[in-house]
Protein chains: 4
Amino acid sequence: MPRSKEENDRVRQLAQENIRTSAMQVFIEKGYYNASIADIAKRAGVSKGLLYNYYKGKEELLGDMVQSRIEEIEDVMQKAAALGTPSEQLKHIIDGAIDNVLHHPKIYRFYLHLQTQPEEDLLLSRYSQMLNEEMARQFQLQCEMFRKLGVPDPEIRSLHFSSAIHGISLMISTYPEHYPVRQVKEQLFRDFCVTE
Amino acid sequence: MPRSKEENDRVRQLAQENIRTSAMQVFIEKGYYNASIADIAKRAGVSKGLLYNYYKGKEELLGDMVQSRIEEIEDVMQKAAALGTPSEQLKHIIDGAIDNVLHHPKIYRFYLHLQTQPEEDLLLSRYSQMLNEEMARQFQLQCEMFRKLGVPDPEIRSLHFSSAIHGISLMISTYPEHYPVRQVKEQLFRDFCVTE
Amino acid sequence: MPRSKEENDRVRQLAQENIRTSAMQVFIEKGYYNASIADIAKRAGVSKGLLYNYYKGKEELLGDMVQSRIEEIEDVMQKAAALGTPSEQLKHIIDGAIDNVLHHPKIYRFYLHLQTQPEEDLLLSRYSQMLNEEMARQFQLQCEMFRKLGVPDPEIRSLHFSSAIHGISLMISTYPEHYPVRQVKEQLFRDFCVTE
Amino acid sequence: MPRSKEENDRVRQLAQENIRTSAMQVFIEKGYYNASIADIAKRAGVSKGLLYNYYKGKEELLGDMVQSRIEEIEDVMQKAAALGTPSEQLKHIIDGAIDNVLHHPKIYRFYLHLQTQPEEDLLLSRYSQMLNEEMARQFQLQCEMFRKLGVPDPEIRSLHFSSAIHGISLMISTYPEHYPVRQVKEQLFRDFCVTE
DNA sequence: GATGAATGAGTGTTCATTCAT
DNA sequence: GATGAATGAACACTCATTCAT
């Protein structure tokens, strides 16, 4: 007795989800090049063959991860944009970025690693480019916010803002303990989100 | 008649230098895992065998690179420490860091990539750790400078300073063009190197 | 539809058996160091990759061979021990040893070759040691038999017995033809298995 | 000022002797295949290049060793043949063989190892054949001795004699300690060198 | 004679990917 | 859909041998 179409779909969804999650774990632990397909399949508790039924290969798995990372970022940005004042919007970005690093430093680390992939790595540079482009989109939205905030030179301001957040994120992910997160957030807020 | 010892030493030095330089180029272009020994040897115009006469393997080549990177950083820090006032010292660090990224964005990128290696990459994590430790040493020296500068909470200040520099460096290396370097340097100077 | 577990096991058994047998042939023909993995795989009609699915490497293949050789010897010893009189027991050892060399002189040669591996061959000395230890075990069992036989100095007697058998085996394996096997067996029996 | 011809020859002789001796040591320690030319040259304290001036390669070095081994054996046989009675002759062979193993068990081991080289090892089988042929020559001479001794079936007797000596040698070289050498020699003498 | 830098063919090993079942 | 046996290309590394000096 064959499964119904819906049930089949659900099985597919679950299997795919399972594989993707396992791949993320293994990539984050061992890095893309050290993660073998066998590792991922074993982690997911499926056969290598099945993995290839759902994903064309290792690269596509990474592509999925990058895609969902980008969606995550865009989600934060959209939620921010929906807020009333530019000050609140920027604060939301600060919180989103810092909390994310704080709770998942290894994930931040992984994507930064990917983002800094050598440009001529023909296999992966595509993904670092996608991430960088997302950063650029984020930058544009921030510019708009700073413009509304009424600061002079909103582009420069946005650049400073991004630099500050990335610098702090890097430091947090490198030394995850003892980082005075609250203070830093407040400092960022004072420096960037208010006009005297 | 065999070559004299000195002559031989010179030949060895040159060959080694040549190989190291080529390895750097290839690593930076293609990344560690995509750079094959054959690539490096070809780039150096040398046989694979000779490469192994001078280096035990791929890893040692990377080790050499990391070592010289660390020495480069320590050199900047020592030159800074030798200056008269904490203000000048910090300014020297700013200049050293920013100019370095500006002139060799790919090299900065490469080492940041290495630094963000997943921790369980047994092969490379050793090197990311070495780089992180160097960053920690740098941090300690900076604390001292801020202390002399007479700011309250010099540790927090040093943390902010490092975050700022790393953030900016990351942005510069990602978008090497159009970055308002002079302005940023001046801003950093105003933010961190003077006491009102 | 995947193969059933049992079917898969059978396939694995067959493949493994095939590889092991081919490895034995190639090792015996060309020697361990001259037998390349490619040789063995080709002989087995199998890809190099598959070989590594079943064996961790060249050394493990040899390990398997040594293991089964030891089991072969212990089998003869056990069968001997199960016999009624010491005289019969020793006769069984003589027959087992001589017949084995006679029917597979090259195999005897191979293991003797392995047993005489230079002690500092870090790779192989482990296996020569295992074989020597088996010989020592055999020696102990023989001592017991001679003791039951009621000879004076059973240890010395066992030593002579082993020396004689090894000497004869070496000669047979070196000059496999024309060796007066029956006579020699009878002589050994008269010399060692009876008490006047 | 060029060296005189004689002096030159002497230098050559010494250098060659030095290399040959070192090669023997290294071969005996690590085995032929694990001994690299670099090892041998280092042990001899000369450059790889010089080694190739005197020997065409690794194989020729081994050839030299085998040659001198054969001469050693023939020397014992000639000294034996020069003695007055067959009984004394055989005793001399016993002493020569056993004492040799006793004093240099590793060397015996090495040559037995070489002798048991797989027949299809195209590189080394030539040498194992040379050694086996020498053993055959020795066998012929022994036959003559046994004939003179007046035993029936001197060929069979010689075969037994060789088997006994090889068996004992193998045991001594494998368990160099505690072997009751004197007793064994006496037993051999009683078994083979006297007629009742 | 003497050196050791340089070569390159050969080998063991890994792993993404395919496909018969 | 699901499996895992099987493949083979790619790679790191070794070492006997050559030759310019």
# chains A, B, ... in the order shown; residues from 1 in each chain; ligands from 1
>>> interface_residues(of="chain D", to="chain C", cutoff="6 Å", atoms="only C-alpha atoms", output="JSON, numbers by chain")
{"D": [29, 30, 31, 109, 113, 116, 118, 120, 121, 163, 164, 166, 167, 168]}
>>> interface_residues(of="chain F", to="chain D", cutoff="12 Å", atoms="only C-alpha atoms (C1' of nucleotides)", output="list in words")
DT14, DC15, DA16, DT17, DT18 and DC19 of chain F
>>> write_last_selection(atoms="C-alpha atoms (C1' of nucleotides)", output="PDB file, in the first residue's frame")
ATOM      1  C1'  DT F  14      59.272   9.102  -0.255  1.00  0.00           C
ATOM      2  C1'  DC F  15      63.486   8.059  -2.170  1.00  0.00           C
ATOM      3  C1'  DA F  16      66.779   6.223  -5.643  1.00  0.00           C
ATOM      4  C1'  DT F  17      69.330   8.602  -8.728  1.00  0.00           C
ATOM      5  C1'  DT F  18      71.596  12.509 -11.380  1.00  0.00           C
ATOM      6  C1'  DC F  19      74.647  16.311 -12.115  1.00  0.00           C
TER       7       DC F  19
END
>>> residues_around(residues="Gly45 in chain B", least_positions_apart="2", cutoff="12 Å", atoms="only C-alpha atoms (C1' of nucleotides)", output="PyMOL selection string")
(chain B and resi 15+18-19+21-23+38-43+47-51) or (chain E and resi 6)
>>> write_last_selection(atoms="N, CA and C atoms (P, O5', C5', C4', C3', O3' and C1' of nucleotides)", output="PDB file, in the first residue's frame")
ATOM      1  N   ALA B  15      66.217  29.111  -2.111  1.00  0.00           N
ATOM      2  CA  ALA B  15      65.193  28.139  -2.482  1.00  0.00           C
ATOM      3  C   ALA B  15      64.061  28.156  -1.463  1.00  0.00           C
ATOM      4  N   ASN B  18      61.976  31.225  -1.760  1.00  0.00           N
ATOM      5  CA  ASN B  18      61.166  31.084  -2.967  1.00  0.00           C
ATOM      6  C   ASN B  18      59.938  30.206  -2.709  1.00  0.00           C
ATOM      7  N   ILE B  19      60.181  29.081  -2.073  1.00  0.00           N
ATOM      8  CA  ILE B  19      59.083  28.166  -1.806  1.00  0.00           C
ATOM      9  C   ILE B  19      58.084  28.797  -0.842  1.00  0.00           C
ATOM     10  N   THR B  21      57.463  31.920  -0.235  1.00  0.00           N
ATOM     11  CA  THR B  21      56.707  32.983  -0.892  1.00  0.00           C
ATOM     12  C   THR B  21      55.628  32.422  -1.805  1.00  0.00           C
ATOM     13  N   SER B  22      56.007  31.418  -2.565  1.00  0.00           N
ATOM     14  CA  SER B  22      55.034  30.825  -3.481  1.00  0.00           C
ATOM     15  C   SER B  22      53.892  30.191  -2.705  1.00  0.00           C
ATOM     16  N   ALA B  23      54.240  29.530  -1.616  1.00  0.00           N
ATOM     17  CA  ALA B  23      53.201  28.882  -0.805  1.00  0.00           C
ATOM     18  C   ALA B  23      52.223  29.943  -0.305  1.00  0.00           C
ATOM     19  N   ALA B  38      51.570  20.203  -5.350  1.00  0.00           N
ATOM     20  CA  ALA B  38      51.969  20.360  -6.747  1.00  0.00           C
ATOM     21  C   ALA B  38      51.775  21.808  -7.188  1.00  0.00           C
ATOM     22  N   ASP B  39      50.671  22.418  -6.784  1.00  0.00           N
ATOM     23  CA  ASP B  39      50.437  23.831  -7.101  1.00  0.00           C
ATOM     24  C   ASP B  39      51.595  24.691  -6.614  1.00  0.00           C
ATOM     25  N   ILE B  40      51.925  24.490  -5.355  1.00  0.00           N
ATOM     26  CA  ILE B  40      52.949  25.322  -4.737  1.00  0.00           C
ATOM     27  C   ILE B  40      54.285  25.127  -5.427  1.00  0.00           C
ATOM     28  N   ALA B  41      54.616  23.853  -5.673  1.00  0.00           N
ATOM     29  CA  ALA B  41      55.897  23.570  -6.319  1.00  0.00           C
ATOM     30  C   ALA B  41      55.942  24.198  -7.711  1.00  0.00           C
ATOM     31  N   LYS B  42      54.848  24.065  -8.427  1.00  0.00           N
ATOM     32  CA  LYS B  42      54.808  24.634  -9.773  1.00  0.00           C
ATOM     33  C   LYS B  42      54.972  26.151  -9.710  1.00  0.00           C
ATOM     34  N   ARG B  43      54.244  26.775  -8.811  1.00  0.00           N
ATOM     35  CA  ARG B  43      54.364  28.214  -8.644  1.00  0.00           C
ATOM     36  C   ARG B  43      55.809  28.622  -8.346  1.00  0.00           C
ATOM     37  N   SER B  47      60.584  21.262  -8.159  1.00  0.00           N
ATOM     38  CA  SER B  47      59.957  19.942  -8.085  1.00  0.00           C
ATOM     39  C   SER B  47      59.334  19.726  -6.713  1.00  0.00           C
ATOM     40  N   LYS B  48      58.366  18.816  -6.695  1.00  0.00           N
ATOM     41  CA  LYS B  48      57.756  18.490  -5.413  1.00  0.00           C
ATOM     42  C   LYS B  48      58.800  18.000  -4.424  1.00  0.00           C
ATOM     43  N   GLY B  49      59.709  17.199  -4.927  1.00  0.00           N
ATOM     44  CA  GLY B  49      60.727  16.629  -4.052  1.00  0.00           C
ATOM     45  C   GLY B  49      61.525  17.694  -3.323  1.00  0.00           C
ATOM     46  N   LEU B  50      61.896  18.735  -4.044  1.00  0.00           N
ATOM     47  CA  LEU B  50      62.704  19.780  -3.415  1.00  0.00           C
ATOM     48  C   LEU B  50      61.933  20.447  -2.294  1.00  0.00           C
ATOM     49  N   LEU B  51      60.682  20.660  -2.542  1.00  0.00           N
ATOM     50  CA  LEU B  51      59.850  21.263  -1.506  1.00  0.00           C
ATOM     51  C   LEU B  51      59.942  20.459  -0.212  1.00  0.00           C
TER      52      LEU B  51
ATOM     53  P    DA E   6      68.246  23.612  -5.001  1.00  0.00           P
ATOM     54  O5'  DA E   6      67.768  22.445  -5.959  1.00  0.00           O
ATOM     55  C5'  DA E   6      68.381  22.332  -7.243  1.00  0.00           C
ATOM     56  C4'  DA E   6      67.839  21.121  -7.965  1.00  0.00           C
ATOM     57  C3'  DA E   6      66.306  20.996  -7.977  1.00  0.00           C
ATOM     58  O3'  DA E   6      65.844  21.096  -9.310  1.00  0.00           O
ATOM     59  C1'  DA E   6      67.362  18.917  -7.446  1.00  0.00           C
TER      60       DA E   6
END
>>> residues_around(residues="Phe192 in chain A", least_positions_apart="6", cutoff="9 Å", atoms="only C-alpha atoms (C1' of nucleotides)", output="list in words")
Ser87, Leu90, Lys91, Phe146, Arg157, Ser158, His160 and Phe161 of chain A
>>> write_last_selection(atoms="N, CA and C atoms", output="short mmCIF file (atom, residue, chain, number, x, y, z; two decimals), in the first residue's frame")
data_model
loop_
_atom_site.label_atom_id
_atom_site.label_comp_id
_atom_site.auth_asym_id
_atom_site.auth_seq_id
_atom_site.Cartn_x
_atom_site.Cartn_y
_atom_site.Cartn_z
N SER A 87 15.82 55.25 15.89
CA SER A 87 16.55 54.89 17.10
C SER A 87 16.20 53.47 17.53
N LEU A 90 17.65 50.88 14.98
CA LEU A 90 19.08 50.58 15.15
C LEU A 90 19.31 49.74 16.40
N LYS A 91 18.57 50.09 17.43
CA LYS A 91 18.72 49.30 18.67
C LYS A 91 18.38 47.82 18.41
N PHE A 146 19.97 55.85 9.36
CA PHE A 146 20.77 56.98 9.87
C PHE A 146 20.32 58.29 9.23
N ARG A 157 28.46 57.10 8.76
CA ARG A 157 27.93 56.65 10.04
C ARG A 157 27.58 55.16 10.02
N SER A 158 26.95 54.76 8.94
CA SER A 158 26.56 53.37 8.79
C SER A 158 27.79 52.46 8.74
N HIS A 160 30.67 53.12 10.11
CA HIS A 160 31.18 53.01 11.49
C HIS A 160 30.37 52.02 12.30
N PHE A 161 29.08 52.13 12.13
CA PHE A 161 28.18 51.27 12.88
C PHE A 161 28.46 49.79 12.56
#
>>> interface_residues(of="chain E", to="chain A", cutoff="12 Å", atoms="only C-alpha atoms (C1' of nucleotides)", output="list in words")
DT14, DC15, DA16, DT17, DT18 and DC19 of chain E
>>> write_last_selection(atoms="N, CA and C atoms (P, O5', C5', C4', C3', O3' and C1' of nucleotides)", output="PDB file, in the first residue's frame")
ATOM      1  P    DT E  14      43.316   6.654   4.809  1.00  0.00           P
ATOM      2  O5'  DT E  14      42.543   7.779   3.974  1.00  0.00           O
ATOM      3  C5'  DT E  14      43.140   9.054   3.867  1.00  0.00           C
ATOM      4  C4'  DT E  14      42.273   9.951   3.027  1.00  0.00           C
ATOM      5  C3'  DT E  14      40.778   9.924   3.398  1.00  0.00           C
ATOM      6  O3'  DT E  14      40.351  11.278   3.461  1.00  0.00           O
ATOM      7  C1'  DT E  14      41.047   9.458   1.093  1.00  0.00           C
ATOM      8  P    DC E  15      39.001  11.673   4.200  1.00  0.00           P
ATOM      9  O5'  DC E  15      38.009  11.824   2.975  1.00  0.00           O
ATOM     10  C5'  DC E  15      38.486  12.484   1.796  1.00  0.00           C
ATOM     11  C4'  DC E  15      37.441  12.448   0.718  1.00  0.00           C
ATOM     12  C3'  DC E  15      36.014  12.228   1.223  1.00  0.00           C
ATOM     13  O3'  DC E  15      35.147  13.008   0.438  1.00  0.00           O
ATOM     14  C1'  DC E  15      36.561  10.552  -0.319  1.00  0.00           C
ATOM     15  P    DA E  16      33.884  13.711   1.043  1.00  0.00           P
ATOM     16  O5'  DA E  16      33.141  14.199  -0.283  1.00  0.00           O
ATOM     17  C5'  DA E  16      33.839  15.045  -1.186  1.00  0.00           C
ATOM     18  C4'  DA E  16      33.510  14.687  -2.627  1.00  0.00           C
ATOM     19  C3'  DA E  16      32.030  14.731  -2.978  1.00  0.00           C
ATOM     20  O3'  DA E  16      31.896  15.217  -4.305  1.00  0.00           O
ATOM     21  C1'  DA E  16      32.848  12.534  -3.298  1.00  0.00           C
ATOM     22  P    DT E  17      30.430  15.502  -4.848  1.00  0.00           P
ATOM     23  O5'  DT E  17      30.048  14.154  -5.590  1.00  0.00           O
ATOM     24  C5'  DT E  17      30.885  13.702  -6.661  1.00  0.00           C
ATOM     25  C4'  DT E  17      30.477  12.309  -7.081  1.00  0.00           C
ATOM     26  C3'  DT E  17      28.967  12.099  -7.316  1.00  0.00           C
ATOM     27  O3'  DT E  17      28.809  11.717  -8.670  1.00  0.00           O
ATOM     28  C1'  DT E  17      29.927  10.282  -6.168  1.00  0.00           C
ATOM     29  P    DT E  18      27.387  11.594  -9.295  1.00  0.00           P
ATOM     30  O5'  DT E  18      27.300  10.038  -9.670  1.00  0.00           O
ATOM     31  C5'  DT E  18      28.445   9.415 -10.241  1.00  0.00           C
ATOM     32  C4'  DT E  18      28.263   7.913 -10.264  1.00  0.00           C
ATOM     33  C3'  DT E  18      26.889   7.444 -10.755  1.00  0.00           C
ATOM     34  O3'  DT E  18      27.111   6.389 -11.678  1.00  0.00           O
ATOM     35  C1'  DT E  18      27.368   6.461  -8.663  1.00  0.00           C
ATOM     36  P    DC E  19      25.977   5.983 -12.701  1.00  0.00           P
ATOM     37  O5'  DC E  19      25.464   4.593 -12.121  1.00  0.00           O
ATOM     38  C5'  DC E  19      26.416   3.632 -11.648  1.00  0.00           C
ATOM     39  C4'  DC E  19      25.702   2.509 -10.942  1.00  0.00           C
ATOM     40  C3'  DC E  19      24.259   2.270 -11.413  1.00  0.00           C
ATOM     41  O3'  DC E  19      24.005   0.877 -11.342  1.00  0.00           O
ATOM     42  C1'  DC E  19      24.258   2.673  -9.127  1.00  0.00           C
TER      43       DC E  19
END
>>> closest_residue(among="F:DT21, F:DA2, F:DC13, F:DG8", to="DG10 in chain E", atoms="only C-alpha atoms (C1' of nucleotides)")
F:DC13
